[in-house]
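S.K.: Handing you a structure now.
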Amino acid sequence: MAAGEDALAVLRSIDATLKAMLALAQQRTAQARAAAPKPVAPDRDLDGPYGDPVVRMKDPRDWTGPTMKGNSFSQCPPEYLDLLAERFDYFAQTAEDTNEEYNGKPVAPMKRKDAARARGWAKRMRDGTHDCRPVKGNTASPEWTSATPEGWD
């Protein structure tokens, strides 16, 4: 009987070790995903027919400026686009976890492309290759049209 109890103790020890190793592997995977640089859309994509989408969703929760809903990505400030990209990344991960589809196609890759496009437009603005100005007459962001952010002169 003692041999059976010893074998059971060894099996429990192996089970605990495997659970600890799995938790460590999951933690490292999460850290690697967080540390990995997020993709930025290339100029070819941004200049293409789908490269400058319009913001159709509510503004990100942490955005404190005027609403950008209705503006294209090229008309939004880079800080807004950073928050928008994070939001698209979150929605992409959620869509991937739930296997969300639209017209029989997975949604996650499309959301990741929009996140990369938002980062691409933000990069262009920070590099000075694009000047962010909302369309005249767009009442969605009157405060943004009246002021030029610091360093954008």
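Chain labels follow the order of the structure tokens: the first chain is A, the next B, and so on; residue numbering restarts at 1 in every chain, and ligands are counted from 1 in their shown order.
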Run DSSP on the backbone and grab whatever in chain A lands in helix (DSSP H, G or I); send it over as an NGL selection string.
M.R.: :A and (2-35 or 43-46 or 73-75 or 78-97 or 108-127 or 142-146)
S.K.: Which residues are near region 34-50 of chain A? Cut-off 8 Å, only C-alpha atoms, ignore same chain within fewer than 3 positions. Put them as a compact mmCIF listing (two decimals) with N, CA and C atoms, in the first residue's frame.
M.R.:
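The resulting file, part_4.txt, is reproduced below:
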# COMPACT_ATOMS: atom_id res chain seq x y z
N ALA A 30 2.29 36.12 -23.05
CA ALA A 30 1.61 37.40 -22.90
C ALA A 30 2.61 38.55 -22.89
N GLN A 31 3.74 38.36 -22.22
CA GLN A 31 4.77 39.39 -22.18
C GLN A 31 5.37 39.61 -23.57
N PRO A 53 -9.54 55.22 -43.84
CA PRO A 53 -10.93 54.99 -43.47
C PRO A 53 -11.50 56.11 -42.59
N LYS A 113 -5.73 45.41 -39.63
CA LYS A 113 -5.32 46.32 -40.71
C LYS A 113 -5.70 47.76 -40.36
N ALA A 116 -3.25 49.05 -37.87
CA ALA A 116 -1.98 49.39 -38.51
C ALA A 116 -2.11 50.68 -39.31
N ARG A 117 -3.26 50.89 -39.93
CA ARG A 117 -3.48 52.14 -40.68
C ARG A 117 -3.51 53.34 -39.74
N ALA A 118 -4.15 53.18 -38.59
CA ALA A 118 -4.17 54.28 -37.62
C ALA A 118 -2.74 54.61 -37.16
N ARG A 119 -1.93 53.58 -36.90
CA ARG A 119 -0.54 53.81 -36.50
C ARG A 119 0.25 54.44 -37.66
N GLY A 120 -0.06 54.03 -38.89
CA GLY A 120 0.63 54.59 -40.05
C GLY A 120 0.36 56.08 -40.22
N TRP A 121 -0.91 56.49 -40.06
CA TRP A 121 -1.24 57.90 -40.17
C TRP A 121 -0.63 58.69 -39.02
S.K.: Write down as a VMD selection string the residues belonging to chain A that are assigned strand (DSSP E) by DSSP computed on the backbone.
M.R.: chain A and resid 101 to 102 105 to 106
S.K.: Those same residues - C-alpha atoms - I'd like them written as a compact mmCIF listing (two decimals), in the first residue's frame.
M.R.:
# COMPACT_ATOMS: atom_id res chain seq x y z
CA GLU A 101 -16.99 36.40 -39.01
CA TYR A 102 -18.64 38.82 -41.40
CA LYS A 105 -14.73 35.96 -43.54
CA PRO A 106 -12.86 36.41 -40.25
S.K.: Please report the interatomic distance between CA of Met110 (chain A) and CA of Ser74 (chain A) in Å with one decimal.
M.R.: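 Separation of CA of Met110 (chain A) and CA of Ser74 (chain A): 18.4 Å.
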S.K.: For CA of Asp89 (chain A) and CA of Lys111 (chain A), quote the distance in Å rounded to one decimal.
M.R.: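 It comes out at 6.9 Å.
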S.K.: With only C-alpha atoms as the atoms that count, which of A:Asp97, A:His130, A:Tyr80, A:Arg87 lies nearest to Thr64 (chain A)?
M.R.: A:Tyr80
S.K.: Using only C-alpha atoms for the distances, tell me which of A:Thr98, A:Leu84, A:Thr129, A:Asn103 is nearest to Ala115 (chain A).
M.R.: A:Leu84
S.K.: Please, what distance in Å, to one decimal, runs between CA of Ala85 (chain A) and CA of Leu24 (chain A)?
M.R.: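 Going from CA of Ala85 (chain A) over to CA of Leu24 (chain A) covers 28.5 Å.
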S.K.: Can you pull out the residues contacting Thr94 (chain A)? Cut-off 10 Å, using only C-alpha atoms, and skip same-chain residues under 5 positions away; I want them as a list of chain:residue names.
M.R.: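 The contact residues come out as A:Phe88, A:Asp89, A:Asn99, A:Glu100, A:Val107, A:Ala108.
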S.K.: For the residues in that selection, give me C-alpha atoms as a short mmCIF file (atom, residue, chain, number, x, y, z; two decimals), in the first residue's frame.
M.R.:
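selection20.cif written:
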data_model
loop_
_atom_site.label_atom_id
_atom_site.label_comp_id
_atom_site.auth_asym_id
_atom_site.auth_seq_id
_atom_site.Cartn_x
_atom_site.Cartn_y
_atom_site.Cartn_z
CA PHE A 88 -8.80 48.11 -32.88
CA ASP A 89 -6.16 45.73 -31.49
CA ASN A 99 -14.05 33.38 -34.20
CA GLU A 100 -16.19 36.33 -35.30
CA VAL A 107 -13.12 39.93 -38.81
CA ALA A 108 -9.85 40.00 -36.81
#
